[in-house]
>>> print(open('work_25.txt').read())   # compact mmCIF, C-alpha atoms and all ligand atoms
# COMPACT_ATOMS: atom_id res chain seq x y z
CA MET A 1 0.00 0.00 0.00
CA THR A 2 1.32 3.44 -0.92
CA LYS A 3 2.22 5.54 2.11
CA ILE A 4 0.80 9.04 2.22
CA ILE A 5 2.74 11.81 3.96
CA PRO A 6 0.79 15.06 4.12
CA ILE A 7 2.82 18.11 5.18
CA ILE A 8 0.72 20.92 6.56
CA SER A 9 1.11 24.15 8.55
CA ALA A 10 -0.93 26.87 10.13
CA GLY A 11 1.26 29.74 8.97
CA GLY A 12 3.15 30.33 5.74
CA GLY A 13 6.86 30.13 4.99
CA VAL A 14 7.60 27.70 7.82
CA GLY A 15 9.37 25.10 5.67
CA LYS A 16 6.74 22.68 4.33
CA THR A 17 8.18 22.69 0.85
CA THR A 18 11.73 22.42 2.18
CA LEU A 19 10.76 19.42 4.30
CA SER A 20 8.92 17.77 1.37
CA LEU A 21 12.10 18.03 -0.67
CA MET A 22 14.30 16.82 2.20
CA ILE A 23 12.13 13.73 2.72
CA SER A 24 12.04 12.87 -0.96
CA TYR A 25 15.82 13.31 -1.11
CA VAL A 26 16.32 10.85 1.76
CA LEU A 27 13.83 8.36 0.33
CA SER A 28 15.40 8.41 -3.10
CA ARG A 29 18.81 7.58 -1.51
CA SER A 30 17.46 4.87 0.77
CA ARG A 31 17.89 1.18 0.12
CA PRO A 32 15.64 -0.06 -1.29
CA ARG A 33 15.09 3.18 -3.14
CA ARG A 34 11.49 4.35 -2.76
CA ARG A 35 9.49 5.59 -5.73
CA VAL A 36 8.35 9.01 -4.57
CA LEU A 37 5.55 11.20 -5.87
CA LEU A 38 5.46 14.81 -4.69
CA VAL A 39 1.97 16.22 -5.02
CA ASP A 40 1.99 20.00 -4.99
CA VAL A 41 -1.38 20.98 -3.50
CA ASP A 42 -0.43 24.63 -3.13
CA PRO A 43 -2.08 26.79 -5.80
CA THR A 44 0.97 29.07 -5.79
CA ALA A 45 2.93 26.01 -7.05
CA GLY A 46 5.76 26.75 -4.63
CA LEU A 47 7.26 23.29 -4.83
CA THR A 48 7.01 22.93 -8.61
CA LEU A 49 8.52 26.37 -9.15
CA ARG A 50 11.33 25.67 -6.69
CA MET A 51 12.24 22.45 -8.48
CA PHE A 52 11.73 23.41 -12.09
CA GLY A 53 11.49 27.20 -12.25
CA ASP A 54 9.15 29.57 -14.00
CA LEU A 55 9.85 28.67 -17.64
CA ALA A 56 9.45 24.93 -17.13
CA TYR A 57 6.28 25.43 -15.09
CA GLN A 58 4.65 27.29 -17.98
CA ARG A 59 5.68 24.53 -20.36
CA LEU A 60 4.30 21.90 -18.00
CA LEU A 61 1.00 23.76 -17.95
CA ASN A 62 0.97 23.83 -21.75
CA GLU A 63 1.45 20.07 -21.76
CA ARG A 64 -1.38 19.75 -19.28
CA ARG A 65 0.82 18.09 -16.67
CA SER A 66 -0.90 18.93 -13.40
CA LEU A 67 -3.37 17.79 -10.79
CA MET A 68 -6.00 20.19 -12.12
CA ASP A 69 -5.63 18.71 -15.62
CA LEU A 70 -5.84 15.18 -14.23
CA ILE A 71 -9.08 16.09 -12.44
CA ARG A 72 -10.58 17.70 -15.55
CA ASP A 73 -9.60 14.78 -17.79
CA TYR A 74 -10.96 12.25 -15.35
CA ASP A 75 -14.45 13.52 -16.09
CA SER A 76 -14.07 13.42 -19.85
CA LYS A 77 -11.83 10.42 -20.54
CA ALA A 78 -12.50 6.73 -20.05
CA GLU A 79 -9.15 6.15 -18.41
CA VAL A 80 -6.43 8.36 -16.99
CA SER A 81 -2.94 7.43 -15.83
CA ILE A 82 -0.91 9.44 -13.37
CA LYS A 83 2.19 8.98 -15.53
CA ASP A 84 0.78 11.38 -18.12
CA TYR A 85 0.45 14.17 -15.57
CA VAL A 86 3.68 14.02 -13.55
CA VAL A 87 7.19 15.21 -14.37
CA TYR A 88 10.34 13.45 -13.16
CA GLY A 89 13.48 15.24 -12.07
CA LYS A 90 15.38 13.61 -14.90
CA GLN A 91 13.03 15.26 -17.41
CA ALA A 92 13.67 18.75 -16.05
CA ARG A 93 16.24 19.69 -18.66
CA SER A 94 13.92 18.94 -21.52
CA TYR A 95 11.80 21.81 -20.18
CA ASP A 96 14.63 24.19 -19.35
CA SER A 97 18.22 23.30 -20.18
CA ASP A 98 19.53 25.50 -17.34
CA ILE A 99 18.00 23.32 -14.65
CA ASN A 100 20.63 21.54 -12.55
CA LEU A 101 18.86 19.35 -10.01
CA TYR A 102 20.67 17.05 -7.62
CA PRO A 103 20.74 13.62 -9.29
CA GLU A 104 18.87 12.21 -6.28
CA PHE A 105 15.77 13.88 -7.74
CA ASN A 106 16.05 12.09 -11.10
CA GLU A 107 13.52 9.44 -10.16
CA VAL A 108 11.34 11.70 -8.02
CA ALA A 109 8.03 12.54 -9.70
CA VAL A 110 6.20 15.84 -9.20
CA LEU A 111 2.52 16.47 -9.83
CA PRO A 112 2.20 20.26 -10.30
CA PRO A 113 -1.01 21.84 -8.99
CA GLY A 114 -2.03 23.52 -12.23
CA GLU A 115 -4.34 26.46 -12.46
CA GLY A 116 -8.06 26.77 -11.82
CA PHE A 117 -8.57 25.55 -8.27
CA ASP A 118 -10.99 28.41 -7.61
CA GLU A 119 -13.34 27.26 -10.35
CA PHE A 120 -12.99 23.67 -9.19
CA PHE A 121 -13.94 24.58 -5.62
CA ALA A 122 -16.79 26.77 -6.88
CA GLU A 123 -18.19 23.88 -8.93
CA ASN A 124 -17.96 21.53 -5.97
CA GLN A 125 -19.46 23.42 -3.09
CA ASN A 126 -20.73 21.25 -0.25
CA VAL A 127 -18.96 18.29 -1.82
CA ASP A 128 -16.23 16.22 -0.17
CA VAL A 129 -13.52 17.52 -2.50
CA GLY A 130 -10.78 15.56 -0.75
CA ARG A 131 -12.57 12.32 -1.43
CA ILE A 132 -12.96 13.23 -5.12
CA VAL A 133 -9.28 14.08 -5.46
CA TRP A 134 -8.09 10.87 -3.80
CA ASN A 135 -10.53 8.75 -5.81
CA ILE A 136 -9.09 10.23 -8.96
CA LEU A 137 -5.49 9.76 -7.82
CA ARG A 138 -6.18 6.15 -6.84
CA SER A 139 -7.98 5.42 -10.12
CA SER A 140 -5.05 6.79 -12.08
CA ASN A 141 -2.64 4.12 -10.91
CA VAL A 142 -0.84 5.98 -8.14
CA ASP A 143 -0.62 2.88 -5.93
CA ALA A 144 1.10 0.80 -8.59
CA MET A 145 3.59 3.48 -9.57
CA PHE A 146 4.68 4.95 -6.24
CA ASP A 147 5.69 3.71 -2.81
CA VAL A 148 5.34 7.07 -1.09
CA VAL A 149 3.16 10.06 -1.89
CA ILE A 150 4.25 13.30 -0.19
CA VAL A 151 1.61 16.01 -0.25
CA ASP A 152 2.89 19.57 0.07
CA THR A 153 0.17 22.08 0.91
CA ALA A 154 -0.77 25.74 1.22
CA PRO A 155 -1.00 27.22 4.74
CA PHE A 156 -4.23 26.54 6.66
CA PHE A 157 -5.40 30.13 6.13
CA ASP A 158 -7.15 28.53 3.19
CA LYS A 159 -8.09 25.23 4.76
CA ARG A 160 -9.39 23.59 1.60
CA TYR A 161 -5.91 22.57 0.48
CA THR A 162 -4.96 21.21 3.88
CA LEU A 163 -8.16 19.18 4.03
CA ILE A 164 -7.52 17.63 0.61
CA ALA A 165 -4.07 16.54 1.77
CA LEU A 166 -5.39 15.02 5.00
CA ARG A 167 -8.29 13.11 3.51
CA ASN A 168 -7.52 9.37 3.88
CA ALA A 169 -4.23 10.04 5.69
CA GLU A 170 -3.54 8.27 8.97
CA ARG A 171 -0.87 10.73 10.05
CA ALA A 172 0.26 14.19 9.04
CA ILE A 173 3.37 16.28 9.57
CA VAL A 174 2.82 19.76 10.98
CA VAL A 175 5.71 22.17 10.45
CA LEU A 176 6.08 25.13 12.80
CA ARG A 177 8.51 27.56 14.41
CA PRO A 178 8.79 27.52 18.20
CA THR A 179 7.07 30.87 18.57
CA LEU A 180 3.98 32.08 20.40
CA THR A 181 2.31 32.93 17.11
CA ASP A 182 2.98 29.57 15.50
CA THR A 183 2.04 27.50 18.55
CA ASN A 184 -1.22 29.44 18.92
CA ARG A 185 -2.09 29.11 15.26
CA THR A 186 -1.12 25.44 15.18
CA SER A 187 -3.26 24.72 18.18
CA SER A 188 -6.36 26.30 16.69
CA MET A 189 -5.69 24.64 13.32
CA ILE A 190 -5.63 21.21 14.96
CA THR A 191 -8.89 21.95 16.77
CA LYS A 192 -10.57 22.93 13.50
CA ILE A 193 -9.23 19.91 11.62
CA ALA A 194 -10.42 17.55 14.36
CA ARG A 195 -13.87 19.15 14.30
CA GLN A 196 -14.09 18.91 10.52
CA PHE A 197 -13.19 15.20 10.45
CA GLN A 198 -15.60 14.40 13.26
CA ARG A 199 -18.31 16.27 11.39
CA ILE A 200 -17.93 14.05 8.31
CA GLY A 201 -17.55 10.95 10.47
CA GLU A 202 -13.94 10.22 9.53
CA ASN A 203 -10.95 9.39 11.72
CA VAL A 204 -8.90 12.39 12.74
CA PRO A 205 -5.31 11.83 11.58
CA ALA A 206 -2.45 11.71 14.07
CA PHE A 207 -0.13 14.71 14.00
CA THR A 208 3.65 14.86 14.23
CA LEU A 209 5.04 18.32 14.95
CA VAL A 210 8.32 19.23 13.29
CA PHE A 211 10.18 22.33 14.44
CA ASN A 212 12.04 24.28 11.77
CA PHE A 213 13.78 27.56 12.55
CA ASP A 214 17.08 29.36 12.60
CA MET A 215 18.59 28.62 16.02
CA ASN A 216 21.04 31.46 15.72
CA LYS A 217 18.21 33.94 15.52
CA PHE A 218 15.60 32.41 17.82
CA LEU A 219 17.79 31.96 20.89
CA ILE A 220 15.20 32.12 23.66
CA GLU A 221 12.89 29.94 21.61
CA ALA A 222 15.65 27.38 21.10
CA LYS A 223 16.41 27.32 24.80
CA THR A 224 12.73 26.94 25.65
CA LEU A 225 12.25 24.16 23.13
CA SER A 226 15.25 22.38 24.49
CA GLU A 227 14.14 22.58 28.10
CA VAL A 228 10.48 21.81 27.54
CA LEU A 229 10.60 19.20 24.77
CA CYS A 230 14.27 18.14 24.81
CA ILE A 231 14.62 18.97 21.16
CA GLU A 232 18.07 18.11 19.84
CA ARG A 233 19.93 18.45 16.58
CA ILE A 234 22.54 16.33 14.86
CA GLU A 235 25.95 17.96 15.18
CA MET A 236 28.01 18.36 12.05
CA GLU A 237 31.32 17.47 13.73
CA SER A 238 30.32 14.45 15.79
CA MET A 239 27.26 13.24 13.85
CA LYS A 240 25.62 12.84 17.25
CA PRO A 241 22.56 14.47 18.71
CA SER A 242 23.26 17.36 20.98
CA THR A 243 20.91 19.58 22.90
CA ILE A 244 20.03 22.78 21.11
CA SER A 245 20.38 24.75 24.31
CA ILE A 246 24.10 24.73 23.52
CA ALA A 247 23.34 26.73 20.42
CA ALA A 248 21.09 28.88 22.55
CA GLY A 249 23.71 29.30 25.26
CA ARG A 250 23.60 33.04 24.92
CA ALA A 251 19.94 33.09 25.94
CA LYS A 252 19.71 33.58 29.70
CA ARG A 253 16.14 32.52 30.29
CA ILE A 254 13.30 30.65 28.66
CA ASN A 255 10.07 32.15 27.40
CA GLU A 256 7.44 31.20 29.99
CA ALA A 257 4.44 31.87 27.75
CA LEU A 258 5.98 29.71 25.04
CA ARG A 259 6.66 26.98 27.59
CA ARG A 260 2.98 26.95 28.52
CA ASN A 261 1.93 26.87 24.87
CA LEU A 262 4.24 23.97 24.07
CA ASP A 263 3.13 22.17 27.18
CA GLU A 264 -0.54 22.51 26.27
CA LEU A 265 0.00 21.55 22.66
CA ILE A 266 1.93 18.39 23.45
CA ASN A 267 -0.41 17.29 26.21
CA ARG A 268 -3.63 17.64 24.27
CA LYS A 269 -5.86 14.67 24.93
CA ASP A 270 -8.40 15.23 22.15
CA VAL A 271 -6.04 14.20 19.31
CA ARG A 272 -3.09 11.85 18.81
CA LEU A 273 -0.10 14.15 18.67
CA ASP A 274 3.64 13.73 19.03
CA TYR A 275 6.74 15.52 17.83
CA LEU A 276 10.08 14.89 16.15
CA ARG A 277 12.81 15.05 18.78
CA PHE A 278 15.18 16.68 16.26
CA ALA A 279 14.91 20.18 14.84
CA LEU A 280 15.47 20.28 11.10
CA PRO A 281 18.94 21.32 10.00
CA HIS A 282 18.77 24.99 9.11
CA ASP A 283 21.36 26.14 6.65
CA VAL A 284 21.62 27.95 3.34
CA LYS A 285 22.51 24.54 1.88
CA PHE A 286 18.92 23.45 2.43
CA SER A 287 17.34 26.74 1.40
CA ASP A 288 15.77 27.55 -1.94
CA GLU A 289 19.05 29.20 -2.95
CA SER A 290 20.82 25.84 -2.97
CA PHE A 291 18.35 22.99 -2.77
CA PRO A 292 17.17 21.06 -4.80
CA GLN A 293 19.21 22.79 -7.52
CA MET A 294 22.95 22.31 -7.35
CA PRO A 295 24.38 25.70 -6.45
CA HIS A 296 27.27 27.26 -8.35
CA GLU A 297 29.32 27.76 -5.22
CA PRO A 298 30.91 24.48 -4.08
CA ARG A 299 30.70 25.46 -0.40
CA ARG A 300 26.90 25.44 -0.73
CA ARG A 301 26.81 21.90 -2.09
CA LEU A 302 25.64 19.10 0.14
CA GLU A 303 28.57 17.10 1.46
CA ASP A 304 28.49 13.61 2.92
CA ASN A 305 27.96 15.02 6.39
CA ASP A 306 25.01 17.13 5.27
CA LYS A 307 23.43 14.09 3.69
CA ALA A 308 24.01 12.01 6.81
CA ILE A 309 22.49 14.76 8.97
CA LEU A 310 19.39 14.78 6.80
CA GLU A 311 19.07 11.00 6.99
CA LEU A 312 19.60 10.79 10.73
CA THR A 313 17.27 13.69 11.46
CA LEU A 314 14.44 12.47 9.27
CA LYS A 315 14.73 8.75 9.95
CA PRO A 316 12.39 8.70 12.98
CA LEU A 317 9.93 10.94 11.16
CA ILE A 318 9.83 8.78 8.04
CA GLU A 319 9.67 5.59 10.10
CA SER A 320 6.61 6.92 11.95
CA PHE A 321 4.84 6.45 8.60
CA GLY A 322 5.87 2.80 8.53
CA ILE A 323 8.72 3.30 6.05
CA LYS A 324 11.92 1.65 7.23
CA ILE A 325 15.11 3.63 6.59
CA ASP A 326 18.53 2.00 6.69
CA THR A 327 21.28 4.36 7.72
CA THR A 328 24.93 3.47 8.01
CA PHE A 329 24.82 4.02 11.75
CA ASP A 330 22.10 4.58 14.30
CA ILE A 331 21.92 7.09 17.09
CA ASP A 332 20.08 7.32 20.36
CA THR A 333 18.55 10.47 21.66
CA THR A 334 19.69 11.44 25.13
CA PRO A 335 17.17 10.75 27.91
CA CYS A 336 14.72 13.60 28.13
CA GLN A 337 14.91 15.79 31.22
CA SER A 338 11.74 17.52 30.13
CA THR A 339 10.07 19.91 32.51
CA ILE A 340 6.75 18.42 31.36
CA LYS A 341 5.40 15.83 33.75
N1 LIG A 401 15.67 24.27 7.16
C1 LIG A 401 15.86 25.31 6.36
N2 LIG A 401 17.12 25.71 6.01
C2 LIG A 401 17.30 26.80 5.23
N3 LIG A 401 16.31 27.53 4.70
C3 LIG A 401 15.05 27.16 4.99
C4 LIG A 401 14.75 26.04 5.82
N4 LIG A 401 13.40 25.96 5.93
C5 LIG A 401 12.89 26.95 5.20
N5 LIG A 401 13.87 27.68 4.62
C6 LIG A 401 13.67 28.85 3.74
O1 LIG A 401 12.55 29.59 4.22
C7 LIG A 401 11.70 29.96 3.14
C8 LIG A 401 10.32 29.34 3.32
O2 LIG A 401 10.44 27.92 3.27
P1 LIG A 401 9.40 27.00 2.48
O3 LIG A 401 9.90 25.61 2.55
O4 LIG A 401 9.12 27.56 1.13
O5 LIG A 401 8.11 27.18 3.41
P2 LIG A 401 6.57 26.85 3.10
O6 LIG A 401 6.54 25.80 2.04
O7 LIG A 401 6.04 26.35 4.42
O8 LIG A 401 5.94 28.12 2.68
C9 LIG A 401 12.40 29.51 1.86
O9 LIG A 401 13.15 30.58 1.35
C10 LIG A 401 13.31 28.39 2.34
O10 LIG A 401 14.44 28.26 1.54
MG MG A 402 5.50 25.83 0.24
>>> encode(input="work_25.txt", output="structure tokens")
Amino acid sequence: MTKIIPIISAGGGVGKTTLSLMISYVLSRSRPRRRVLLVDVDPTAGLTLRMFGDLAYQRLLNERRSLMDLIRDYDSKAEVSIKDYVVYGKQARSYDSDINLYPEFNEVAVLPPGEGFDEFFAENQNVDVGRIVWNILRSSNVDAMFDVVIVDTAPFFDKRYTLIALRNAERAIVVLRPTLTDTNRTSSMITKIARQFQRIGENVPAFTLVFNFDMNKFLIEAKTLSEVLCIERIEMESMKPSTISIAAGRAKRINEALRRNLDELINRKDVRLDYLRFALPHDVKFSDESFPQMPHEPRRRLEDNDKAILELTLKPLIESFGIKIDTTFDIDTTPCQSTIK
């Protein structure tokens, strides 16, 4: 059975697309290699544009390679196949010869969103749009062609895209910064999602929080996250987990309001919710300036250590979806001295 990994967030610009790309990178290097489909359910096409750029995206639209086109054709054709609507990394150069993706993305398929979601939603008011979309995906051979489907979404400010991604999913990844704003927004998003699924009589998915932020800028937040949730990161030098309060050493105190927010979020009893014990690596090497396109400057290229950090950091996250990842060595997290009882 194909595994579905929806990646959602309450706010924008928190790193959903970055994490989608990181996970597909790790999966395409894993043994056995997993056949990954990235579904871009963000009408701004952030993921597709980041991988292929503006010129290629326009050409893809002309070729009718997108989710919107798949949905439209499903109504008019006897049979549709997902392979006619996706684009693989290895095909990128046939759309724009300047594209220089990491070779790990050669076998990764992307389904661009396409244009016209507004009309689609307007035509399907009071309809379970998520169910329609997944029926179409499943009838177009997705299960036979892919082992893992990663669904990148738009922020929950427009909840329709999030709800499509979550429909039929057992678990979802929620990306956030350790800030008051993000914890508040995330909390109310989860409440609304739970209500919506209960309303239609479906199981509420489990949620895994993933913290993504620049530890050199959010010092008090890093210290708080470390003390409350024992969040660690994999160190470049040792390849071992180390507490992020070391990075936040310059922060003298923790943020009490944030501590309470984190405490409440993690201890919610109305939904199944846990969190990744590692913060995502945060570096220009993983930013849209350098990833997934190979940057011109060699010092921005991923080195073996960067790749190992990605694998070690994401392994527990990917495995929580029932996908086993073999890494060259394993690590244990240090026992948590959390202030949460
Ligand atoms: N871990 C990270 N390391 C470096 N840059 C990051 C990281 N996460 C996000 N960014 C940068 O922050 C911006 C927003 O990230 P993005 O993944 O597009 O967020 P979203 O998809 O949630 O809107 C992008 O410019 C991206 O390169
Ligand atoms: Mg995005």
>>> residues_near_ligand(input="work_25.txt", ligand="ligand MG 402 (chain A)", cutoff="6 Å", atoms="all atoms listed in the file", output="list in words")
Lys16, Thr17, Gly46 and Leu47 of chain A
>>> residues_near_ligand(input="work_25.txt", ligand="ligand LIG 401 (chain A)", cutoff="7 Å", atoms="all atoms listed in the file", output="list in words")
Ser9, Gly12, Gly13, Val14, Gly15, Lys16, Thr17, Thr18, Leu19, Gly46, Asn212, Phe213, Leu280, Pro281, His282, Asp283, Val284, Lys285, Phe286, Ser287, Asp288 and Glu289 of chain A
>>> closest_residue(input="work_25.txt", among="A:Tyr25, A:Phe120, A:Tyr161, A:Phe156", to="A:Thr186", atoms="all atoms listed in the file")
A:Phe156
>>> closest_residue(input="work_25.txt", among="A:Leu37, A:Ile254, A:Leu219, A:Leu163", to="A:Ile4", atoms="all atoms listed in the file")
A:Leu37
>>> atom_distance(input="work_25.txt", atom1="atom CA of A:Arg233", atom2="atom CA of A:Val108")
26.9 Å
>>> atom_distance(input="work_25.txt", atom1="atom CA of A:Leu67", atom2="atom CA of A:Asp158")
18.0 Å
>>> build_atoms(input="work_25.txt", residues="stretch 144-167 of chain A", atoms="N, CA and C atoms", output="PDB file, in the frame of the given file")
ATOM      1  N   ALA A 144       0.187   1.713  -7.889  1.00  0.00           N
ATOM      2  CA  ALA A 144       1.100   0.800  -8.590  1.00  0.00           C
ATOM      3  C   ALA A 144       2.416   1.483  -8.919  1.00  0.00           C
ATOM      4  N   MET A 145       2.376   2.801  -9.085  1.00  0.00           N
ATOM      5  CA  MET A 145       3.590   3.480  -9.570  1.00  0.00           C
ATOM      6  C   MET A 145       4.474   4.065  -8.485  1.00  0.00           C
ATOM      7  N   PHE A 146       3.896   4.263  -7.274  1.00  0.00           N
ATOM      8  CA  PHE A 146       4.680   4.950  -6.240  1.00  0.00           C
ATOM      9  C   PHE A 146       4.570   4.247  -4.893  1.00  0.00           C
ATOM     10  N   ASP A 147       5.683   4.266  -4.161  1.00  0.00           N
ATOM     11  CA  ASP A 147       5.690   3.710  -2.810  1.00  0.00           C
ATOM     12  C   ASP A 147       5.262   4.749  -1.788  1.00  0.00           C
ATOM     13  N   VAL A 148       5.626   5.995  -2.045  1.00  0.00           N
ATOM     14  CA  VAL A 148       5.340   7.070  -1.090  1.00  0.00           C
ATOM     15  C   VAL A 148       4.795   8.278  -1.847  1.00  0.00           C
ATOM     16  N   VAL A 149       3.712   8.829  -1.329  1.00  0.00           N
ATOM     17  CA  VAL A 149       3.160  10.060  -1.890  1.00  0.00           C
ATOM     18  C   VAL A 149       3.290  11.152  -0.822  1.00  0.00           C
ATOM     19  N   ILE A 150       4.082  12.170  -1.111  1.00  0.00           N
ATOM     20  CA  ILE A 150       4.250  13.300  -0.190  1.00  0.00           C
ATOM     21  C   ILE A 150       3.362  14.427  -0.701  1.00  0.00           C
ATOM     22  N   VAL A 151       2.534  14.954   0.184  1.00  0.00           N
ATOM     23  CA  VAL A 151       1.610  16.010  -0.250  1.00  0.00           C
ATOM     24  C   VAL A 151       1.999  17.322   0.404  1.00  0.00           C
ATOM     25  N   ASP A 152       2.514  18.233  -0.405  1.00  0.00           N
ATOM     26  CA  ASP A 152       2.890  19.570   0.070  1.00  0.00           C
ATOM     27  C   ASP A 152       1.668  20.477  -0.085  1.00  0.00           C
ATOM     28  N   THR A 153       1.428  21.327   0.900  1.00  0.00           N
ATOM     29  CA  THR A 153       0.170  22.080   0.910  1.00  0.00           C
ATOM     30  C   THR A 153       0.380  23.592   1.046  1.00  0.00           C
ATOM     31  N   ALA A 154      -0.732  24.310   0.922  1.00  0.00           N
ATOM     32  CA  ALA A 154      -0.770  25.740   1.220  1.00  0.00           C
ATOM     33  C   ALA A 154      -1.056  25.891   2.719  1.00  0.00           C
ATOM     34  N   PRO A 155      -0.693  27.023   3.315  1.00  0.00           N
ATOM     35  CA  PRO A 155      -1.000  27.220   4.740  1.00  0.00           C
ATOM     36  C   PRO A 155      -2.499  27.112   5.008  1.00  0.00           C
ATOM     37  N   PHE A 156      -2.835  26.798   6.247  1.00  0.00           N
ATOM     38  CA  PHE A 156      -4.230  26.540   6.660  1.00  0.00           C
ATOM     39  C   PHE A 156      -5.123  27.776   6.595  1.00  0.00           C
ATOM     40  N   PHE A 157      -4.549  28.945   6.303  1.00  0.00           N
ATOM     41  CA  PHE A 157      -5.400  30.130   6.130  1.00  0.00           C
ATOM     42  C   PHE A 157      -6.470  29.857   5.091  1.00  0.00           C
ATOM     43  N   ASP A 158      -6.127  29.051   4.085  1.00  0.00           N
ATOM     44  CA  ASP A 158      -7.150  28.530   3.190  1.00  0.00           C
ATOM     45  C   ASP A 158      -7.212  27.026   3.427  1.00  0.00           C
ATOM     46  N   LYS A 159      -8.159  26.600   4.266  1.00  0.00           N
ATOM     47  CA  LYS A 159      -8.090  25.230   4.760  1.00  0.00           C
ATOM     48  C   LYS A 159      -8.450  24.173   3.736  1.00  0.00           C
ATOM     49  N   ARG A 160      -8.969  24.586   2.602  1.00  0.00           N
ATOM     50  CA  ARG A 160      -9.390  23.590   1.600  1.00  0.00           C
ATOM     51  C   ARG A 160      -8.234  22.727   1.120  1.00  0.00           C
ATOM     52  N   TYR A 161      -7.062  23.335   0.975  1.00  0.00           N
ATOM     53  CA  TYR A 161      -5.910  22.570   0.480  1.00  0.00           C
ATOM     54  C   TYR A 161      -5.396  21.604   1.542  1.00  0.00           C
ATOM     55  N   THR A 162      -5.383  22.083   2.768  1.00  0.00           N
ATOM     56  CA  THR A 162      -4.960  21.210   3.880  1.00  0.00           C
ATOM     57  C   THR A 162      -5.892  20.004   3.975  1.00  0.00           C
ATOM     58  N   LEU A 163      -7.192  20.267   3.856  1.00  0.00           N
ATOM     59  CA  LEU A 163      -8.160  19.180   4.030  1.00  0.00           C
ATOM     60  C   LEU A 163      -8.061  18.149   2.907  1.00  0.00           C
ATOM     61  N   ILE A 164      -7.746  18.596   1.703  1.00  0.00           N
ATOM     62  CA  ILE A 164      -7.520  17.630   0.610  1.00  0.00           C
ATOM     63  C   ILE A 164      -6.354  16.715   0.983  1.00  0.00           C
ATOM     64  N   ALA A 165      -5.273  17.323   1.459  1.00  0.00           N
ATOM     65  CA  ALA A 165      -4.070  16.540   1.770  1.00  0.00           C
ATOM     66  C   ALA A 165      -4.331  15.523   2.876  1.00  0.00           C
ATOM     67  N   LEU A 166      -5.181  15.889   3.830  1.00  0.00           N
ATOM     68  CA  LEU A 166      -5.390  15.020   5.000  1.00  0.00           C
ATOM     69  C   LEU A 166      -6.400  13.918   4.767  1.00  0.00           C
ATOM     70  N   ARG A 167      -7.223  14.077   3.763  1.00  0.00           N
ATOM     71  CA  ARG A 167      -8.290  13.110   3.510  1.00  0.00           C
ATOM     72  C   ARG A 167      -7.668  11.742   3.250  1.00  0.00           C
TER      73      ARG A 167
END
